[in-house]
Structure formats: C-alpha cells, structure tokens
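Next comes start.pdb, with PDB, C-alpha atoms.
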ATOM      1  CA  MET A 173       6.563  18.987  19.788
ATOM      2  CA  LYS A 174       4.589  16.771  22.162
ATOM      3  CA  THR A 175       5.834  13.262  22.941
ATOM      4  CA  ILE A 176       3.298  10.448  23.111
ATOM      5  CA  TYR A 177       4.418   7.619  25.405
ATOM      6  CA  LEU A 178       2.678   4.306  24.727
ATOM      7  CA  HIS A 179       3.135   1.731  27.471
ATOM      8  CA  ILE A 180       2.280  -1.511  25.668
ATOM      9  CA  GLY A 181       2.831  -4.027  28.471
ATOM     10  CA  ARG A 182       3.555  -6.836  28.106
ATOM     11  CA  GLY A 183       0.736  -8.281  30.194
ATOM     12  CA  LYS A 184       1.805 -10.086  33.396
ATOM     13  CA  THR A 185       4.522  -7.537  34.111
ATOM     14  CA  GLY A 186       2.788  -5.703  36.931
ATOM     15  CA  THR A 187       0.562  -3.675  34.617
ATOM     16  CA  THR A 188      -2.531  -3.730  36.846
ATOM     17  CA  ALA A 189      -0.676  -2.325  39.859
ATOM     18  CA  LEU A 190       1.228   0.132  37.691
ATOM     19  CA  GLN A 191      -1.881   1.494  35.999
ATOM     20  CA  HIS A 192      -3.565   1.985  39.356
ATOM     21  CA  PHE A 193      -0.470   3.807  40.604
ATOM     22  CA  LEU A 194      -0.369   6.098  37.554
ATOM     23  CA  SER A 195      -4.081   6.863  37.815
ATOM     24  CA  THR A 196      -3.883   7.564  41.547
ATOM     25  CA  ASN A 197      -0.919   9.916  41.031
ATOM     26  CA  ARG A 198      -2.158  11.649  37.879
ATOM     27  CA  GLU A 199      -1.846  15.137  39.392
ATOM     28  CA  ALA A 200       1.739  14.600  40.530
ATOM     29  CA  LEU A 201       2.675  13.325  37.079
ATOM     30  CA  LEU A 202       1.015  16.313  35.468
ATOM     31  CA  ALA A 203       2.908  18.689  37.746
ATOM     32  CA  GLY A 204       6.065  17.078  36.396
ATOM     33  CA  GLY A 205       5.000  17.615  32.792
ATOM     34  CA  MET A 206       3.638  14.124  32.073
ATOM     35  CA  ASP A 207      -0.098  13.886  31.364
ATOM     36  CA  TYR A 208      -1.471  10.418  32.114
ATOM     37  CA  LEU A 209      -4.625  10.795  30.062
ATOM     38  CA  LEU A 210      -7.943  10.762  31.862
ATOM     39  CA  THR A 211     -10.109   9.794  28.878
ATOM     40  CA  GLY A 212     -10.988   6.111  28.972
ATOM     41  CA  ASP A 213      -9.113   5.427  32.211
ATOM     42  CA  ALA A 214     -10.868   4.183  35.327
ATOM     43  CA  GLY A 215      -7.745   3.146  37.163
ATOM     44  CA  GLN A 216      -7.102   0.198  34.863
ATOM     45  CA  GLY A 217      -5.332   1.787  31.932
ATOM     46  CA  HIS A 218      -6.466   2.863  28.477
ATOM     47  CA  GLN A 219      -7.778  -0.528  27.481
ATOM     48  CA  ALA A 220     -10.683   0.637  25.326
ATOM     49  CA  PHE A 221      -8.500   3.060  23.372
ATOM     50  CA  ALA A 222      -6.046   0.266  22.542
ATOM     51  CA  LYS A 223      -8.925  -2.044  21.612
ATOM     52  CA  SER A 224     -10.178   0.530  19.117
ATOM     53  CA  PHE A 225      -7.156  -0.331  16.928
ATOM     54  CA  ILE A 226      -7.577  -4.117  17.103
ATOM     55  CA  ALA A 227      -8.935  -5.222  13.744
ATOM     56  CA  ASP A 228      -9.521  -8.866  14.698
ATOM     57  CA  PRO A 229     -10.086  -9.136  18.455
ATOM     58  CA  PRO A 230      -9.774 -12.573  20.097
ATOM     59  CA  GLY A 231     -13.028 -14.282  21.001
ATOM     60  CA  TYR A 232     -12.618 -13.737  24.734
ATOM     61  CA  MET A 233     -12.206  -9.948  24.382
ATOM     62  CA  GLU A 234     -15.157  -7.689  25.173
ATOM     63  CA  MET A 235     -15.193  -4.712  22.822
ATOM     64  CA  PRO A 236     -16.629  -1.430  24.154
ATOM     65  CA  ASP A 237     -19.209   0.631  22.289
ATOM     66  CA  ASP A 238     -18.603   3.871  20.384
ATOM     67  CA  LEU A 239     -14.870   3.489  19.904
ATOM     68  CA  ALA A 240     -14.812   6.306  17.358
ATOM     69  CA  GLU A 241     -16.069   8.739  20.005
ATOM     70  CA  LEU A 242     -13.456   7.464  22.458
ATOM     71  CA  ARG A 243     -10.746   8.123  19.906
ATOM     72  CA  ARG A 244     -12.105  11.612  19.294
ATOM     73  CA  ARG A 245     -12.090  12.487  22.996
ATOM     74  CA  THR A 246      -8.623  10.998  23.458
ATOM     75  CA  GLY A 247      -7.284  13.043  20.575
ATOM     76  CA  GLN A 248      -8.895  16.187  21.947
ATOM     77  CA  GLU A 249      -7.330  15.620  25.370
ATOM     78  CA  ILE A 250      -3.907  15.139  23.794
ATOM     79  CA  CYS A 251      -4.239  18.365  21.828
ATOM     80  CA  ASP A 252      -5.580  20.344  24.783
ATOM     81  CA  SER A 253      -2.959  19.137  27.263
ATOM     82  CA  ALA A 254      -0.418  21.742  28.341
ATOM     83  CA  ALA A 255       2.090  19.014  29.289
ATOM     84  CA  PHE A 256       5.188  18.362  27.189
ATOM     85  CA  ALA A 257       4.309  14.643  27.064
ATOM     86  CA  VAL A 258       1.279  12.401  27.423
ATOM     87  CA  LEU A 259       1.103   8.778  28.526
ATOM     88  CA  LEU A 260      -1.266   5.970  27.590
ATOM     89  CA  SER A 261      -1.010   2.473  29.052
ATOM     90  CA  SER A 262      -2.597  -0.770  27.899
ATOM     91  CA  GLU A 263      -1.435  -4.357  27.589
ATOM     92  CA  ASN A 264      -3.863  -4.577  24.644
ATOM     93  CA  PHE A 265      -1.617  -2.429  22.445
ATOM     94  CA  PRO A 266       0.393  -5.449  21.162
ATOM     95  CA  LEU A 267      -2.795  -6.669  19.452
ATOM     96  CA  ALA A 268      -3.378  -3.322  17.724
ATOM     97  CA  ASP A 269      -2.857  -2.452  14.084
ATOM     98  CA  ILE A 270       0.335  -0.461  14.663
ATOM     99  CA  ARG A 271       0.217   1.389  11.351
ATOM    100  CA  ALA A 272      -3.404   2.403  11.921
ATOM    101  CA  LEU A 273      -2.423   3.742  15.349
ATOM    102  CA  ALA A 274       0.546   5.606  13.858
ATOM    103  CA  LYS A 275      -1.678   7.162  11.198
ATOM    104  CA  TRP A 276      -4.159   8.273  13.857
ATOM    105  CA  LEU A 277      -1.334   9.953  15.765
ATOM    106  CA  ASP A 278       0.001  11.547  12.572
ATOM    107  CA  ASP A 279      -3.447  12.935  11.807
ATOM    108  CA  LEU A 280      -3.635  14.844  15.089
ATOM    109  CA  PRO A 281      -3.535  18.599  14.414
ATOM    110  CA  ILE A 282      -0.361  19.019  16.489
ATOM    111  CA  GLU A 283       3.222  17.901  15.987
ATOM    112  CA  THR A 284       4.056  14.753  17.933
ATOM    113  CA  CYS A 285       6.661  12.034  18.271
ATOM    114  CA  THR A 286       6.100   8.603  19.796
ATOM    115  CA  LYS A 287       7.958   6.513  22.356
ATOM    116  CA  VAL A 288       7.023   2.891  23.090
ATOM    117  CA  ILE A 289       7.659   1.366  26.532
ATOM    118  CA  PHE A 290       7.802  -2.438  26.668
ATOM    119  CA  PHE A 291       8.476  -4.681  29.662
ATOM    120  CA  ALA A 292       9.458  -8.308  28.990
ATOM    121  CA  ARG A 293       9.291 -11.180  31.462
ATOM    122  CA  SER A 294      10.844 -14.635  31.582
ATOM    123  CA  GLN A 295       8.580 -16.761  29.395
ATOM    124  CA  ASP A 296       8.163 -19.640  31.836
ATOM    125  CA  GLU A 297       6.609 -17.328  34.416
ATOM    126  CA  VAL A 298       4.563 -15.536  31.756
ATOM    127  CA  ALA A 299       3.064 -18.848  30.635
ATOM    128  CA  GLU A 300       2.117 -19.840  34.199
ATOM    129  CA  SER A 301       0.775 -16.416  35.137
ATOM    130  CA  GLU A 302      -1.166 -15.864  31.924
ATOM    131  CA  TYR A 303      -2.684 -19.351  32.042
ATOM    132  CA  ASN A 304      -3.767 -18.638  35.605
ATOM    133  CA  GLN A 305      -5.487 -15.434  34.503
ATOM    134  CA  MET A 306      -7.196 -17.056  31.534
ATOM    135  CA  VAL A 307      -8.613 -19.796  33.768
ATOM    136  CA  LYS A 308      -9.753 -17.215  36.313
ATOM    137  CA  LEU A 309     -11.257 -14.635  33.974
ATOM    138  CA  LYS A 310     -11.786 -16.119  30.511
ATOM    139  CA  GLY A 311     -13.008 -19.664  31.074
ATOM    140  CA  GLU A 312      -9.877 -21.429  29.824
ATOM    141  CA  THR A 313     -10.249 -25.237  29.872
ATOM    142  CA  ARG A 314      -7.096 -26.524  28.143
ATOM    143  CA  PRO A 315      -4.343 -28.229  30.141
ATOM    144  CA  PHE A 316      -1.440 -25.962  30.986
ATOM    145  CA  ALA A 317       1.017 -27.785  28.700
ATOM    146  CA  VAL A 318      -1.252 -27.208  25.708
ATOM    147  CA  TYR A 319      -1.700 -23.551  26.585
ATOM    148  CA  ALA A 320       2.026 -22.990  27.099
ATOM    149  CA  GLU A 321       2.887 -24.564  23.760
ATOM    150  CA  ALA A 322       0.617 -22.068  22.000
ATOM    151  CA  LEU A 323       1.601 -19.022  24.117
ATOM    152  CA  GLU A 324       1.287 -15.822  22.108
ATOM    153  CA  GLY A 325       3.265 -12.606  22.405
ATOM    154  CA  ALA A 326       6.341 -14.271  23.906
ATOM    155  CA  ASP A 327       8.712 -13.569  21.008
ATOM    156  CA  TYR A 328       9.844 -10.238  22.404
ATOM    157  CA  ALA A 329      12.249  -9.465  19.582
ATOM    158  CA  ALA A 330       9.416  -9.813  17.077
ATOM    159  CA  GLU A 331       7.073  -7.754  19.262
ATOM    160  CA  CYS A 332       9.509  -4.850  19.539
ATOM    161  CA  ASP A 333      10.639  -5.156  15.912
ATOM    162  CA  ALA A 334       7.058  -4.605  14.771
ATOM    163  CA  TRP A 335       6.837  -1.330  16.707
ATOM    164  CA  ALA A 336      10.344  -0.282  15.684
ATOM    165  CA  ALA A 337       9.441  -0.801  12.029
ATOM    166  CA  VAL A 338       6.796   1.905  12.374
ATOM    167  CA  PHE A 339       8.235   4.305  14.952
ATOM    168  CA  GLY A 340      11.986   3.569  14.689
ATOM    169  CA  ASP A 341      14.499   1.779  16.909
ATOM    170  CA  ASP A 342      15.095   4.908  18.963
ATOM    171  CA  ALA A 343      11.422   4.952  19.932
ATOM    172  CA  ILE A 344      11.626   1.652  21.813
ATOM    173  CA  ILE A 345      12.277   1.767  25.562
ATOM    174  CA  ALA A 346      12.637  -1.849  26.673
ATOM    175  CA  ARG A 347      13.082  -3.252  30.149
ATOM    176  CA  VAL A 348      12.907  -6.647  31.873
ATOM    177  CA  TYR A 349      10.291  -7.012  34.603
ATOM    178  CA  ASP A 350      11.758  -8.276  37.852
ATOM    179  CA  ALA A 351       9.082 -10.445  39.444
ATOM    180  CA  ALA A 352      11.158 -11.017  42.565
ATOM    181  CA  ARG A 353      11.245  -7.327  43.518
ATOM    182  CA  ASP A 354       8.410  -4.905  44.223
ATOM    183  CA  THR A 355       9.792  -2.163  41.974
ATOM    184  CA  ILE A 356       7.619  -1.963  38.845
ATOM    185  CA  GLU A 357       6.534   1.611  39.606
ATOM    186  CA  ALA A 358      10.101   2.835  40.141
ATOM    187  CA  ASP A 359      11.383   0.927  37.111
ATOM    188  CA  PHE A 360       8.653   2.424  34.973
ATOM    189  CA  LEU A 361       9.168   5.997  36.190
ATOM    190  CA  ASN A 362      12.813   5.717  35.184
ATOM    191  CA  CYS A 363      11.639   5.185  31.602
ATOM    192  CA  LEU A 364      10.085   8.667  31.583
ATOM    193  CA  PRO A 365      11.787  12.076  31.278
ATOM    194  CA  LEU A 366      10.801  13.188  34.754
ATOM    195  CA  SER A 367      12.841  15.399  37.059
ATOM    196  CA  ALA A 368      14.474  13.972  40.164
ATOM    197  CA  ASP A 369      12.044  15.982  42.296
ATOM    198  CA  THR A 370       9.025  14.496  40.509
ATOM    199  CA  ILE A 371      10.359  10.951  40.797
ATOM    200  CA  ASN A 372      11.120  11.469  44.489
ATOM    201  CA  ALA A 373       7.602  12.796  45.098
ATOM    202  CA  LEU A 374       6.054   9.833  43.307
ATOM    203  CA  SER A 375       8.332   7.398  45.118
ATOM    204  CA  MET A 376       7.256   8.883  48.429
ATOM    205  CA  ALA A 377       3.611   8.555  47.398
ATOM    206  CA  ARG A 378       4.224   4.883  46.600
ATOM    207  CA  LYS A 379       5.929   4.352  49.966
ATOM    208  CA  ASN A 380       3.160   6.073  51.924
ATOM    209  CA  ALA A 381       0.347   4.277  50.110
ATOM    210  CA  PRO A 382       1.462   0.673  49.459
ATOM    211  CA  MET A 383      -0.194  -0.823  46.411
ATOM    212  CA  THR A 384      -3.280  -2.868  47.162
ATOM    213  CA  VAL A 385      -4.561  -3.298  43.597
ATOM    214  CA  ALA A 386      -3.018  -6.117  41.611
ATOM    215  CA  ASN A 387      -4.208  -8.897  39.333
ATOM    216  CA  ARG A 388      -3.467 -11.665  41.801
ATOM    217  CA  SER A 389      -2.955 -15.198  40.566
ATOM    218  CA  LEU A 390      -5.015 -18.116  41.814
ATOM    219  CA  GLY A 391      -3.455 -20.631  44.141
ATOM    220  CA  ALA A 392      -3.059 -24.233  43.011
ATOM    221  CA  ARG A 393      -6.259 -25.546  44.635
ATOM    222  CA  ALA A 394      -8.357 -22.663  43.318
ATOM    223  CA  LEU A 395      -6.893 -23.052  39.851
ATOM    224  CA  GLN A 396      -7.803 -26.740  39.813
ATOM    225  CA  VAL A 397     -11.370 -26.061  40.960
ATOM    226  CA  LEU A 398     -11.952 -23.314  38.406
ATOM    227  CA  LEU A 399     -10.489 -25.416  35.617
ATOM    228  CA  MET A 400     -13.158 -28.033  36.360
ATOM    229  CA  LEU A 401     -15.941 -25.463  36.683
ATOM    230  CA  ASN A 402     -15.009 -23.864  33.361
ATOM    231  CA  ALA A 403     -16.029 -27.082  31.622
ATOM    232  CA  ILE A 404     -19.528 -26.912  33.114
ATOM    233  CA  THR A 405     -22.404 -24.571  32.257
ATOM    234  CA  PHE A 406     -24.630 -23.531  35.165
ATOM    235  CA  GLU A 407     -26.402 -20.513  36.656
ATOM    236  CA  ASP A 408     -24.987 -18.235  39.373
ATOM    237  CA  ARG A 409     -21.479 -19.109  38.283
ATOM    238  CA  LYS A 410     -19.910 -15.893  39.546
ATOM    239  CA  ALA A 411     -21.370 -16.249  43.028
ATOM    240  CA  LEU A 412     -20.171 -19.841  43.375
ATOM    241  CA  GLN A 413     -16.748 -18.947  42.026
ATOM    242  CA  SER A 414     -16.423 -16.047  44.441
ATOM    243  CA  ASN A 415     -17.372 -18.200  47.433
ATOM    244  CA  LEU A 416     -14.983 -20.969  46.448
ATOM    245  CA  LEU A 417     -12.071 -18.613  45.947
ATOM    246  CA  ALA A 418     -12.756 -16.944  49.298
ATOM    247  CA  ALA A 419     -12.701 -20.326  50.996
ATOM    248  CA  LEU A 420      -9.571 -21.580  49.240
ATOM    249  CA  GLY A 421      -7.534 -18.397  49.061
ATOM    250  CA  PRO A 422      -6.022 -17.998  52.546
ATOM    251  CA  GLU A 423      -4.512 -21.503  52.705
ATOM    252  CA  ASP A 424      -3.643 -22.007  49.050
ATOM    253  CA  ILE A 425      -0.158 -22.481  47.606
ATOM    254  CA  PRO A 426       1.378 -20.840  44.513
ATOM    255  CA  ALA A 427       0.344 -22.558  41.284
ATOM    256  CA  VAL A 428       3.835 -23.418  40.045
ATOM    257  CA  LEU A 429       3.149 -25.672  37.062
ATOM    258  CA  MET A 430       6.681 -26.466  35.875
ATOM    259  CA  ASP A 431       9.658 -27.817  37.770
ATOM    260  CA  ALA A 432      13.031 -26.128  37.261
ATOM    261  CA  PRO A 433      14.320 -28.388  34.441
ATOM    262  CA  THR A 434      11.044 -28.104  32.530
ATOM    263  CA  ALA A 435      10.992 -24.330  32.983
ATOM    264  CA  ALA A 436      14.586 -24.097  31.724
ATOM    265  CA  GLN A 437      13.738 -26.245  28.712
ATOM    266  CA  TYR A 438      10.726 -24.052  27.978
ATOM    267  CA  ARG A 439      12.818 -20.870  28.216
ATOM    268  CA  ALA A 440      15.368 -22.397  25.857
ATOM    269  CA  THR A 441      12.786 -22.398  23.049
ATOM    270  CA  PHE A 442      12.904 -18.596  23.194
ATOM    271  CA  ALA A 443      16.690 -18.295  23.525
ATOM    272  CA  ALA A 444      17.344 -16.978  20.005
ATOM    273  CA  SER A 445      14.572 -14.388  20.255
ATOM    274  CA  ASN A 446      15.667 -13.323  23.735
ATOM    275  CA  ALA A 447      19.275 -12.908  22.591
ATOM    276  CA  GLN A 448      18.130 -10.682  19.732
ATOM    277  CA  PHE A 449      15.836  -8.707  22.028
ATOM    278  CA  LEU A 450      18.526  -8.149  24.647
ATOM    279  CA  ARG A 451      21.158  -7.186  22.088
ATOM    280  CA  ARG A 452      19.035  -4.820  20.019
ATOM    281  CA  TYR A 453      16.919  -3.146  22.680
ATOM    282  CA  LEU A 454      18.912  -3.398  25.916
ATOM    283  CA  GLY A 455      22.437  -3.465  24.524
ATOM    284  CA  ARG A 456      23.613  -6.589  26.309
ATOM    285  CA  GLU A 457      24.545 -10.131  25.348
ATOM    286  CA  GLY A 458      22.957 -13.341  26.556
ATOM    287  CA  SER A 459      19.643 -15.115  26.215
ATOM    288  CA  ASP A 460      18.433 -15.392  29.808
ATOM    289  CA  LEU A 461      16.140 -12.500  30.735
ATOM    290  CA  GLY A 462      16.408 -13.208  34.466
ATOM    291  CA  GLY A 463      14.069 -11.427  36.877
ATOM    292  CA  ARG A 464      12.248 -14.586  37.877
ATOM    293  CA  ARG A 465      10.115 -14.755  40.995
ATOM    294  CA  PHE A 466      11.413 -18.151  42.109
ATOM    295  CA  ASP A 467      14.923 -19.579  42.066
ATOM    296  CA  ASP A 468      15.293 -23.188  40.918
ATOM    297  CA  ALA A 469      15.231 -24.722  44.392
ATOM    298  CA  THR A 470      12.081 -22.813  45.376
ATOM    299  CA  ARG A 471      10.413 -23.667  42.070
ATOM    300  CA  ASP A 472      11.112 -27.382  42.521
ATOM    301  CA  ARG A 473       9.809 -27.334  46.096
ATOM    302  CA  LEU A 474       6.596 -25.519  45.183
ATOM    303  CA  HIS A 475       6.060 -27.663  42.120
ATOM    304  CA  ALA A 476       6.357 -30.788  44.256
ATOM    305  CA  ASP A 477       3.683 -29.369  46.585
ATOM    306  CA  VAL A 478       1.404 -28.718  43.608
ATOM    307  CA  ARG A 479       1.919 -32.257  42.300
ATOM    308  CA  ALA A 480       0.936 -33.644  45.686
ATOM    309  CA  LEU A 481      -2.262 -31.620  45.853
ATOM    310  CA  THR A 482      -3.708 -31.417  42.347
ATOM    311  CA  PHE A 483      -3.972 -33.018  38.931
ATOM    312  CA  LEU A 484      -2.720 -29.831  37.249
ATOM    313  CA  VAL A 485       0.772 -31.230  36.586
TER     314      VAL A 485
END
What would the structure in this file look like if it were written as structure tokens?
Amino acid sequence: MKTIYLHIGRGKTGTTALQHFLSTNREALLAGGMDYLLTGDAGQGHQAFAKSFIADPPGYMEMPDDLAELRRRTGQEICDSAAFAVLLSSENFPLADIRALAKWLDDLPIETCTKVIFFARSQDEVAESEYNQMVKLKGETRPFAVYAEALEGADYAAECDAWAAVFGDDAIIARVYDAARDTIEADFLNCLPLSADTINALSMARKNAPMTVANRSLGARALQVLLMLNAITFEDRKALQSNLLAALGPEDIPAVLMDAPTAAQYRATFAASNAQFLRRYLGREGSDLGGRRFDDATRDRLHADVRALTFLV
C-alpha cells in the first residue's frame, strides 16, 4: 500500500520556504522513500493540482488550463513511483472539495491510504500576515479591521474536522507553526516517516544552503502605499510597485497592525475552536496556540511605531 501525504497548509505557516526546500531536496527525499511529486511543481508546491478540486474558486484566484490533464499526469506519477509514500503540498487544499479529492485517490489503480498534514498559527498573526499578502498580491483595499473580522480558514478545529470526516481522525497530523523560530523544515520532516539518516541528510542540506525563498511581508510604509495604489487604476502598475517597494524596503518597519491587548482579544474569539483543535488533534489542553513571532512588549512597541508612521491603525 502506498501512502499519500497531503500537506494542506495552512497558508502563512512558512509554506513558501518549505515548498522550495522540498523541491530543492527532491532527490534526497526520494532516496529516503518519500516521493515529492514533480508533476505540477515548479518550486512552489502543487498549487494547480489542488486548484483542480476547487469547485467555486475565489475571484482573486487564477485557475490554470487543462486541469484534467494535470490530474492524469499526477495520477500516473503516483502509480509509477517506486517510493513507499508520495507527498503533495499546497495551501490551496483547504478550498478543495475533499470528497471529490478522496474519490480521485480511491479511483487510482493502486491501493493507497491518505495522511493529511496541517500546520496552524496564532490567528492574530495569521490575520496580519494574510492581509499583508492580499494587499501585496491581490489588490486588497479594505481596512485591516474589516479584513480581520471576515478572516477565513481560521477555525482550525472545523478545518481539520472536515478532513477527518473523510479520511479519519488517525489521518490528521497537526502541528502549530512557531513563527519565532526558523524550524519549519525540521518540524515538517518530523511529520514524515523518514529514517534518522534521511532527516540528518536533509537537515545538513538546510544548514549548508540557508533558505532564501520566502513570501516576505511588506513593511508598514510599503503596505500603506500599496493600499492606496490598489484603489487606483493606471498603466505600468507592476513597474511602479516594484520601484516603490525597492525604495521603501530596506528602511521599513514590520507592519504590526494590532497592539497586544487587541491581539489577545482577537485570539479570544477563536478560543473555543482552538481548545477543540488542541485537544482532538494534538492531545493537549488549553486554548492558546502559542508560537507567536512577537511577545507582547515587542508587539506594543512595533505597533506604536506603525501608528506614528501610517494611517493603517
């Protein structure tokens, strides 16, 4: 039986750096029995494959052509692989029709079982980081408070329950992303059934080639400028945006959009869900996920700097 590992994110948990790491070290993974599929991956994960199962994509999402052919080639690679397990990674999987994906896997002409890897992150930092990305890449124009109030995919118990309902509780491998530590690759590798030798080899590869690919957030000044530009239609937008970000980037400050009390209040709205998530999928009590990039004192200091510089908060 071949095990299919689906890394479903969540987004803003180091997925960009992780996917680059997995792609760069595909041969080492394969030598350890884990096939990080080549089909559809260009160093940024299996985004198109995951999109092929999204029945109602959001308006900002660009859908690739010929998804049926992509599915066919992905299925063929899974069947042809000599590895005991295969791995696909995309933060678009949470938007997929899970039952349609499960049926596709069941229809493969080989016997398989499925494992689902999910990384959660403290919702206050998810809201800030995701808003930053949506302003940068998707033309978001709403104020942060409005965006945060409507944040999707932050009920982690519900997210994992949906996958468990199809694949079973035992299929869910849940972790909490630690934004304060540079360990996403190591934390992820420990979710996989790799030998100590394989993990050591991959850890050495990570140490010898520090990660340079990541979906970096905008600083506070750049975020403010892009938020204004997103409300305006004009030609050569990308060139102007690139020049502005280059000019602002080196001296910018982190775009911390909530002070510590506001962040704590925001997290409290997810307390019941987090408690259920931690109890059911990590086997521990509590409602605070932890793993935050900034402690309260640092958050308050940075937020005060942002307030002094911008109209964002």
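Residue selection for this entry, given the PyMOL selection byres ((chain A and resi 371) around 9), comprises Leu201, Gly204, Ala358, Leu361, Asn362, Leu366, Ser367, Ala368, Asp369, Thr370, Asn372, Ala373, Leu374, Ser375 and Met376 of chain A.
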Check your understanding: Could you pull the residues within 9 Å of A:Gly183, counting all atoms listed in the file, minus those fewer than 5 positions along the same chain, as JSON, numbers by chain?
Key -> {"A": [188, 262, 263, 264, 291, 292, 298, 302]}
Produce a file of the selected residues containing C-alpha atoms, as a short mmCIF file (atom, residue, chain, number, x, y, z; two decimals), in the coordinates of the input.
data_model
loop_
_atom_site.label_atom_id
_atom_site.label_comp_id
_atom_site.auth_asym_id
_atom_site.auth_seq_id
_atom_site.Cartn_x
_atom_site.Cartn_y
_atom_site.Cartn_z
CA THR A 188 -2.53 -3.73 36.85
CA SER A 262 -2.60 -0.77 27.90
CA GLU A 263 -1.44 -4.36 27.59
CA ASN A 264 -3.86 -4.58 24.64
CA PHE A 291 8.48 -4.68 29.66
CA ALA A 292 9.46 -8.31 28.99
CA VAL A 298 4.56 -15.54 31.76
CA GLU A 302 -1.17 -15.86 31.92
#
Once 6 Å is added on each side, what centre and edge lengths in Å to one decimal does the axis-aligned box around all listed atoms of stretch 306-323 of chain A have, as AutoDock Vina command-line options?
--center_x -5.1 --center_y -21.4 --center_z 29.2 --size_x 27.9 --size_y 25.6 --size_z 26.3
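Among the candidates A:Gly462, A:Leu194, A:Tyr319, A:Arg245, the one nearest to A:Arg353 when counting all atoms listed in the file is A:Gly462.
Between atom CA of A:Thr246 and atom CA of A:Tyr349 lies a distance of 28.4 Å.
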Point to revise | Close residues, A:Asp342 itself excluded, 10 Å, all atoms listed in the file, min 4 positions apart in chain, as a PyMOL selection string | key: chain A and resi 286-288+336+453
Practice item. For stretch 455-459 of chain A, please output as an MDAnalysis selection string all residues within 7 Å (counting only C-alpha atoms; exclusion window: fewer than 6 positions along the same chain). Key: chainID A and resid 443:444 446:447
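Proximity to A:Ala322 was assessed for A:Arg393, A:Asp350, A:Tyr438, A:Phe265 counting all atoms listed in the file; the smallest distance is recorded for A:Tyr438.
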